[in-house]
>>> print(open('data_6.cif').read())   # mmCIF, C-alpha atoms
data_coords
#
loop_
_atom_site.label_atom_id
_atom_site.label_comp_id
_atom_site.auth_asym_id
_atom_site.auth_seq_id
_atom_site.Cartn_x
_atom_site.Cartn_y
_atom_site.Cartn_z
CA MET A 1043 48.95 82.17 134.57
CA GLN A 1044 51.69 84.68 135.22
CA ILE A 1045 55.16 84.48 133.76
CA SER A 1046 57.86 86.28 135.66
CA VAL A 1047 60.81 87.61 133.71
CA ASP A 1048 64.01 88.71 135.37
CA ALA A 1049 64.75 92.25 134.19
CA ALA A 1050 68.48 91.73 134.65
CA VAL A 1051 68.48 88.70 132.35
CA VAL A 1052 66.52 90.58 129.67
CA THR A 1053 68.87 93.55 129.96
CA ALA A 1054 71.92 91.30 129.66
CA PHE A 1055 70.42 89.52 126.65
CA ALA A 1056 69.70 92.82 124.89
CA LEU A 1057 73.24 94.10 125.46
CA VAL A 1058 74.84 90.86 124.32
CA LEU A 1059 72.50 90.65 121.30
CA VAL A 1060 73.61 94.08 120.06
CA ARG A 1061 77.29 93.14 120.24
CA ALA A 1062 76.66 89.71 118.69
CA THR A 1063 74.55 91.09 115.83
CA VAL A 1064 77.15 93.65 114.82
CA PHE A 1065 79.91 91.05 115.08
CA VAL A 1066 78.13 88.36 113.03
CA PHE A 1067 77.12 90.74 110.24
CA ILE A 1068 80.62 92.18 109.80
CA ALA A 1069 83.18 89.59 110.92
CA PRO A 1070 84.29 86.82 108.55
CA PRO A 1071 83.38 84.15 107.70
CA PHE A 1072 79.81 84.99 108.76
CA ASN A 1073 79.62 88.29 106.82
CA THR A 1074 79.37 86.71 103.36
CA ASN A 1075 76.21 87.28 101.34
CA ALA A 1076 76.03 83.53 100.79
CA ILE A 1077 74.65 83.23 104.34
CA PRO A 1078 71.02 84.45 104.55
CA VAL A 1079 70.23 87.33 106.86
CA SER A 1080 67.82 85.14 108.84
CA VAL A 1081 70.62 82.65 109.55
CA LYS A 1082 72.93 85.44 110.71
CA ALA A 1083 70.22 86.82 112.99
CA GLY A 1084 69.58 83.34 114.39
CA LEU A 1085 73.30 82.83 115.03
CA ALA A 1086 73.52 86.16 116.86
CA ALA A 1087 70.48 85.25 118.98
CA ALA A 1088 71.91 81.81 119.77
CA LEU A 1089 75.21 83.30 120.92
CA SER A 1090 73.32 85.84 123.03
CA LEU A 1091 71.23 83.14 124.70
CA ALA A 1092 74.41 81.28 125.64
CA ILE A 1093 76.26 84.33 126.95
CA ALA A 1094 73.49 86.33 128.68
CA PRO A 1095 73.20 84.07 131.79
CA THR A 1096 76.94 84.52 132.46
CA VAL A 1097 76.72 88.33 132.65
CA PRO A 1098 76.80 89.43 136.32
CA ALA A 1099 73.54 91.17 137.22
CA THR A 1100 75.35 93.48 139.64
CA THR A 1101 77.19 95.18 136.75
CA LEU A 1102 74.01 96.07 134.87
CA SER A 1103 71.95 99.23 135.16
CA LEU A 1104 68.18 99.01 134.62
CA ASP A 1105 67.70 102.75 134.17
CA THR A 1106 66.74 103.97 130.70
CA GLY A 1107 69.60 106.41 130.16
CA PRO A 1108 72.47 104.11 131.12
CA PHE A 1109 70.80 101.23 129.25
CA VAL A 1110 70.65 103.17 125.97
CA GLY A 1111 74.26 104.23 126.43
CA ALA A 1112 75.23 100.61 127.09
CA LEU A 1113 73.52 99.54 123.86
CA VAL A 1114 75.58 102.04 121.87
CA THR A 1115 78.70 100.93 123.70
CA GLN A 1116 78.09 97.27 122.87
CA ALA A 1117 77.55 98.16 119.21
CA LEU A 1118 80.94 99.92 119.17
CA VAL A 1119 82.68 97.03 120.92
CA GLY A 1120 81.15 94.52 118.51
CA LEU A 1121 82.21 96.69 115.59
CA ALA A 1122 85.78 96.91 116.87
CA MET A 1123 86.01 93.13 117.33
CA ALA A 1124 84.48 92.47 113.93
CA LEU A 1125 86.88 94.88 112.24
CA THR A 1126 89.76 93.14 113.99
CA MET A 1127 88.85 89.78 112.44
CA LEU A 1128 87.99 91.43 109.12
CA MET A 1129 91.35 93.18 108.83
CA LEU A 1130 93.38 90.13 109.82
CA LEU A 1131 91.62 87.75 107.42
CA ALA A 1132 91.56 90.40 104.69
CA ALA A 1133 95.33 89.98 104.62
CA VAL A 1134 94.86 86.78 102.63
CA GLN A 1135 92.85 88.52 99.92
CA SER A 1136 95.28 91.44 99.96
CA ALA A 1137 98.12 88.98 99.36
CA GLY A 1138 96.29 87.66 96.30
CA SER A 1139 95.76 91.22 95.07
CA ILE A 1140 99.48 91.93 95.44
CA ILE A 1141 100.24 88.86 93.36
CA ASP A 1142 97.78 90.03 90.71
CA VAL A 1143 99.52 93.40 90.47
CA PHE A 1144 102.97 91.88 89.95
CA ALA A 1145 101.72 89.13 87.62
CA GLY A 1146 99.55 91.43 85.50
CA TYR A 1147 96.23 89.82 86.42
CA SER A 1148 94.93 93.04 87.95
CA LEU A 1149 93.92 94.11 84.44
CA ALA A 1150 91.06 91.61 84.60
CA ALA A 1151 89.10 92.92 87.59
CA LEU A 1152 86.08 90.85 88.54
CA TYR A 1153 82.92 91.65 90.45
CA ASP A 1154 82.54 89.58 93.59
CA PRO A 1155 78.82 88.97 94.25
CA LEU A 1156 79.48 87.68 97.77
CA SER A 1157 81.18 90.83 99.01
CA GLY A 1158 79.75 93.31 96.50
CA ASN A 1159 83.21 94.63 95.59
CA GLN A 1160 85.60 94.35 92.68
CA THR A 1161 88.43 91.92 93.18
CA SER A 1162 91.17 90.50 91.02
CA ILE A 1163 91.62 86.86 90.06
CA PHE A 1164 94.05 85.69 92.70
CA GLY A 1165 92.54 88.00 95.29
CA ARG A 1166 89.22 86.22 94.87
CA PHE A 1167 90.91 82.81 94.71
CA TYR A 1168 92.82 83.40 97.94
CA GLN A 1169 89.69 84.68 99.65
CA LEU A 1170 87.64 81.61 98.71
CA LEU A 1171 90.48 79.30 99.68
CA ALA A 1172 90.95 81.02 103.04
CA THR A 1173 87.22 80.77 103.78
CA THR A 1174 87.25 77.08 102.87
CA LEU A 1175 90.26 76.44 105.10
CA LEU A 1176 88.58 78.39 107.89
CA PHE A 1177 85.55 76.11 107.90
CA ALA A 1178 87.58 72.95 107.26
CA SER A 1179 89.82 73.62 110.27
CA ASN A 1180 86.86 74.62 112.51
CA GLY A 1181 88.20 78.15 112.61
CA HIS A 1182 84.65 79.50 112.61
CA LEU A 1183 84.02 77.69 115.90
CA LEU A 1184 87.20 79.18 117.31
CA ILE A 1185 86.05 82.66 116.30
CA ALA A 1186 82.65 82.08 117.92
CA ARG A 1187 84.35 80.81 121.08
CA GLY A 1188 86.66 83.81 121.08
CA PHE A 1189 83.67 86.12 120.82
CA MET A 1190 82.04 84.42 123.80
CA GLU A 1191 85.25 84.68 125.82
CA SER A 1192 85.56 88.38 124.88
CA PHE A 1193 82.96 89.23 127.52
CA ARG A 1194 85.57 88.42 130.15
CA ALA A 1195 88.00 90.93 128.66
CA VAL A 1196 85.33 93.55 127.81
CA PRO A 1197 82.24 92.98 129.99
CA ALA A 1198 78.79 94.01 128.86
CA SER A 1199 78.94 97.04 131.10
CA ALA A 1200 82.50 98.16 130.36
CA TYR A 1201 84.16 100.01 127.50
CA ASP A 1202 87.67 101.36 127.16
CA PRO A 1203 88.04 103.58 124.03
CA ALA A 1204 91.82 103.67 124.36
CA SER A 1205 92.18 99.88 124.28
CA VAL A 1206 89.79 99.56 121.34
CA ALA A 1207 91.66 102.25 119.37
CA HIS A 1208 94.99 100.53 120.12
CA MET A 1209 93.55 97.20 118.99
CA LEU A 1210 92.35 98.60 115.66
CA THR A 1211 95.52 100.52 114.80
CA LEU A 1212 97.73 97.58 115.75
CA ASN A 1213 95.79 95.16 113.56
CA PHE A 1214 95.72 97.64 110.69
CA GLY A 1215 99.50 97.40 110.58
CA ARG A 1216 99.38 93.63 110.91
CA LEU A 1217 97.14 93.52 107.83
CA PHE A 1218 99.91 94.81 105.58
CA VAL A 1219 102.63 92.73 107.24
CA ALA A 1220 100.62 89.51 106.91
CA ALA A 1221 99.71 90.28 103.29
CA LEU A 1222 103.38 90.82 102.39
CA GLU A 1223 104.40 87.64 104.20
CA ILE A 1224 101.84 85.53 102.31
CA ALA A 1225 102.54 87.07 98.91
CA GLY A 1226 106.30 87.37 99.48
CA PRO A 1227 107.46 84.05 97.94
CA VAL A 1228 105.41 84.55 94.77
CA VAL A 1229 106.47 88.18 94.36
CA ALA A 1230 110.13 87.25 94.91
CA CYS A 1231 109.97 84.58 92.21
CA LEU A 1232 108.29 87.00 89.81
CA PHE A 1233 111.02 89.55 90.50
CA LEU A 1234 113.73 86.97 89.79
CA ALA A 1235 111.97 85.98 86.56
CA GLU A 1236 111.80 89.61 85.43
CA LEU A 1237 115.45 90.12 86.37
CA SER A 1238 116.48 87.02 84.43
CA MET A 1239 114.60 88.17 81.33
CA GLY A 1240 116.17 91.60 81.62
CA LEU A 1241 119.69 90.13 81.80
CA LEU A 1242 118.94 87.83 78.88
CA ALA A 1243 117.60 90.70 76.80
CA ARG A 1244 120.72 92.70 77.62
CA ALA A 1245 122.99 89.85 76.56
CA ALA A 1246 121.08 88.93 73.40
CA PRO A 1247 118.87 91.83 72.19
CA ALA A 1248 117.99 90.03 68.98
CA LEU A 1249 116.00 87.38 70.86
CA ASN A 1250 113.24 89.91 71.74
CA VAL A 1251 112.82 88.34 75.17
CA PHE A 1252 110.23 90.83 76.38
CA ALA A 1253 107.76 89.52 73.81
CA LEU A 1254 107.50 86.50 76.10
CA ALA A 1255 107.32 88.55 79.30
CA PHE A 1256 103.61 88.14 79.94
CA PRO A 1257 103.47 84.37 79.19
CA VAL A 1258 106.50 83.84 81.42
CA ARG A 1259 104.88 85.80 84.26
CA VAL A 1260 101.71 83.76 83.91
CA GLY A 1261 103.59 80.47 84.00
CA VAL A 1262 105.80 81.46 86.92
CA THR A 1263 102.80 82.76 88.89
CA LEU A 1264 100.77 79.59 88.43
CA LEU A 1265 103.73 77.38 89.30
CA VAL A 1266 104.81 79.27 92.42
CA VAL A 1267 101.25 79.75 93.68
CA ALA A 1268 100.67 75.99 93.34
CA LEU A 1269 103.85 75.33 95.32
CA ALA A 1270 102.98 77.93 97.98
CA LEU A 1271 99.37 76.85 98.58
CA PRO A 1272 100.29 74.44 101.44
CA LEU A 1273 101.72 77.44 103.30
CA LEU A 1274 98.32 79.15 103.28
CA THR A 1275 96.83 76.75 105.85
CA PRO A 1276 99.18 77.70 108.72
CA ALA A 1277 98.92 81.36 107.68
CA VAL A 1278 95.11 81.32 108.04
CA THR A 1279 95.37 79.44 111.32
CA ASN A 1280 97.83 81.98 112.71
CA LEU A 1281 95.63 84.89 111.63
CA VAL A 1282 92.57 83.36 113.29
CA ASN A 1283 94.50 82.64 116.49
CA GLU A 1284 95.84 86.20 116.51
CA GLY A 1285 92.36 87.66 116.02
CA VAL A 1286 90.90 85.54 118.80
CA ARG A 1287 93.80 86.42 121.10
CA VAL A 1288 93.15 90.12 120.54
CA MET A 1289 89.40 89.70 121.16
CA VAL A 1290 89.90 87.94 124.48
CA GLY A 1291 92.45 90.50 125.56
CA GLY A 1292 95.45 88.19 125.44
#
>>> encode(input="data_6.cif", output="structure tokens")
Amino acid sequence: MQISVDAAVVTAFALVLVRATVFVFIAPPFNTNAIPVSVKAGLAAALSLAIAPTVPATTLSLDTGPFVGALVTQALVGLAMALTMLMLLAAVQSAGSIIDVFAGYSLAALYDPLSGNQTSIFGRFYQLLATTLLFASNGHLLIARGFMESFRAVPASAYDPASVAHMLTLNFGRLFVAALEIAGPVVACLFLAELSMGLLARAAPALNVFALAFPVRVGVTLLVVALALPLLTPAVTNLVNEGVRVMVGG
């Protein structure tokens, strides 16, 4: 019995698999250490099986040299797309870290076993909450769909370094803007609390107001964060939509 295999389909699958593997292992929410490596590899293979038949065979080269170059190209494209999602969703954790700095929680740095990095209390809390909201709102399916649609914007045989560089630099700036927007209400309330204590200490120095500075910051932070948590859901949704829009070339 002979089994015939279309070389174009195998070539397309290999190119798509390289991009999908890099994307799944780096892009959130799939990059967490809580997901086994075998599951990530299976997800990348499943995405590749779904996308490979849609790749036009006329755009593929079966020669060894161009094929190796295409593999490297797909790895770079997958890395750029993964970094796009990583930077946008990292804005949520960055917002928590900003809150920790202003509230004084940054003194208690924690080790995050899922990412392998040190993170502060609210930085870790915001990250876990954003990941939960991502799965609860089916954002992970939207990211997977956006990755599949990205082959229309950046085909398996095409690569534009200028567009990729523009995409990364643009989203690097959006990271800081989104982090400030999410942490802005809490930081503003903390600033007003500090200003109020300063005015009170100026008016009545004998009260020793600054002895209560840290407890007041803790209370104000917990209260304002609790009030601002409902705003995190649309923020995560907007970040996911923005990342998917960039991936599909919108």
>>> residues_around(input="data_6.cif", residues="Glu1191 in chain A", least_positions_apart="4", cutoff="9 Å", atoms="only C-alpha atoms", output="PDB file with C-alpha atoms, in the frame of the given file")
ATOM      1  CA  ALA A1186      82.650  82.080 117.920  1.00  0.00           C
ATOM      2  CA  ARG A1187      84.350  80.810 121.080  1.00  0.00           C
ATOM      3  CA  ALA A1195      88.000  90.930 128.660  1.00  0.00           C
ATOM      4  CA  MET A1289      89.400  89.700 121.160  1.00  0.00           C
ATOM      5  CA  VAL A1290      89.900  87.940 124.480  1.00  0.00           C
TER       6      VAL A1290
END
>>> atom_distance(input="data_6.cif", atom1="CA of Val1278 in chain A", atom2="CA of Leu1131 in chain A")
7.3 Å
>>> residues_near_point(input="data_6.cif", point="(88.4, 91.2, 102.6)", cutoff="10 Å", atoms="only C-alpha atoms", output="compact mmCIF listing (two decimals) with C-alpha atoms, keeping the file's coordinate frame")
# COMPACT_ATOMS: atom_id res chain seq x y z
CA ALA A 1069 83.18 89.59 110.92
CA PRO A 1070 84.29 86.82 108.55
CA MET A 1127 88.85 89.78 112.44
CA LEU A 1128 87.99 91.43 109.12
CA MET A 1129 91.35 93.18 108.83
CA LEU A 1130 93.38 90.13 109.82
CA LEU A 1131 91.62 87.75 107.42
CA ALA A 1132 91.56 90.40 104.69
CA ALA A 1133 95.33 89.98 104.62
CA VAL A 1134 94.86 86.78 102.63
CA GLN A 1135 92.85 88.52 99.92
CA SER A 1136 95.28 91.44 99.96
CA SER A 1157 81.18 90.83 99.01
CA ASN A 1159 83.21 94.63 95.59
CA THR A 1161 88.43 91.92 93.18
CA GLY A 1165 92.54 88.00 95.29
CA ARG A 1166 89.22 86.22 94.87
CA GLN A 1169 89.69 84.68 99.65
>>> residues_around(input="data_6.cif", residues="Tyr1168 in chain A", least_positions_apart="6", cutoff="12 Å", atoms="only C-alpha atoms", output="PyMOL selection string")
chain A and resi 1131-1142+1161-1162+1174-1176+1221+1224-1225+1267-1268+1270-1271+1273-1275+1277-1278
>>> atom_distance(input="data_6.cif", atom1="CA of Pro1227 in chain A", atom2="CA of Val1262 in chain A")
11.4 Å
>>> atom_distance(input="data_6.cif", atom1="CA of Ala1050 in chain A", atom2="CA of Phe1065 in chain A")
22.7 Å
>>> resolve_selection(input="data_6.cif", expression="the PyMOL selection byres ((chain A and resi 1059) around 8)", output="PDB file with C-alpha atoms, in the frame of the given file")
ATOM      1  CA  PHE A1055      70.420  89.520 126.650  1.00  0.00           C
ATOM      2  CA  ALA A1056      69.700  92.820 124.890  1.00  0.00           C
ATOM      3  CA  LEU A1057      73.240  94.100 125.460  1.00  0.00           C
ATOM      4  CA  VAL A1058      74.840  90.860 124.320  1.00  0.00           C
ATOM      5  CA  VAL A1060      73.610  94.080 120.060  1.00  0.00           C
ATOM      6  CA  ARG A1061      77.290  93.140 120.240  1.00  0.00           C
ATOM      7  CA  ALA A1062      76.660  89.710 118.690  1.00  0.00           C
ATOM      8  CA  THR A1063      74.550  91.090 115.830  1.00  0.00           C
ATOM      9  CA  ALA A1086      73.520  86.160 116.860  1.00  0.00           C
ATOM     10  CA  ALA A1087      70.480  85.250 118.980  1.00  0.00           C
ATOM     11  CA  LEU A1089      75.210  83.300 120.920  1.00  0.00           C
ATOM     12  CA  SER A1090      73.320  85.840 123.030  1.00  0.00           C
TER      13      SER A1090
END
>>> residues_around(input="data_6.cif", residues="Thr1096 in chain A", least_positions_apart="5", cutoff="10 Å", atoms="only C-alpha atoms", output="list in words")
Val1051, Ala1054, Leu1091, Phe1193 and Arg1194 of chain A
>>> closest_residue(input="data_6.cif", among="A:Ala1112, A:Ala1122, A:Ala1092, A:Ala1145", to="Thr1053 in chain A", atoms="all atoms listed in the file")
A:Ala1112
>>> closest_residue(input="data_6.cif", among="A:Gly1215, A:Gly1146, A:Pro1247, A:Pro1078", to="Thr1126 in chain A", atoms="only C-alpha atoms")
A:Gly1215
>>> closest_residue(input="data_6.cif", among="A:Gly1188, A:Pro1272, A:Pro1095, A:Gly1120", to="Val1064 in chain A", atoms="all atoms listed in the file")
A:Gly1120
>>> closest_residue(input="data_6.cif", among="A:Ile1077, A:Leu1118, A:Ile1185, A:Val1266", to="Ala1230 in chain A", atoms="all atoms listed in the file")
A:Val1266
>>> closest_residue(input="data_6.cif", among="A:Leu1171, A:Phe1144, A:Pro1276, A:Phe1189", to="Gly1226 in chain A", atoms="all atoms listed in the file")
A:Phe1144
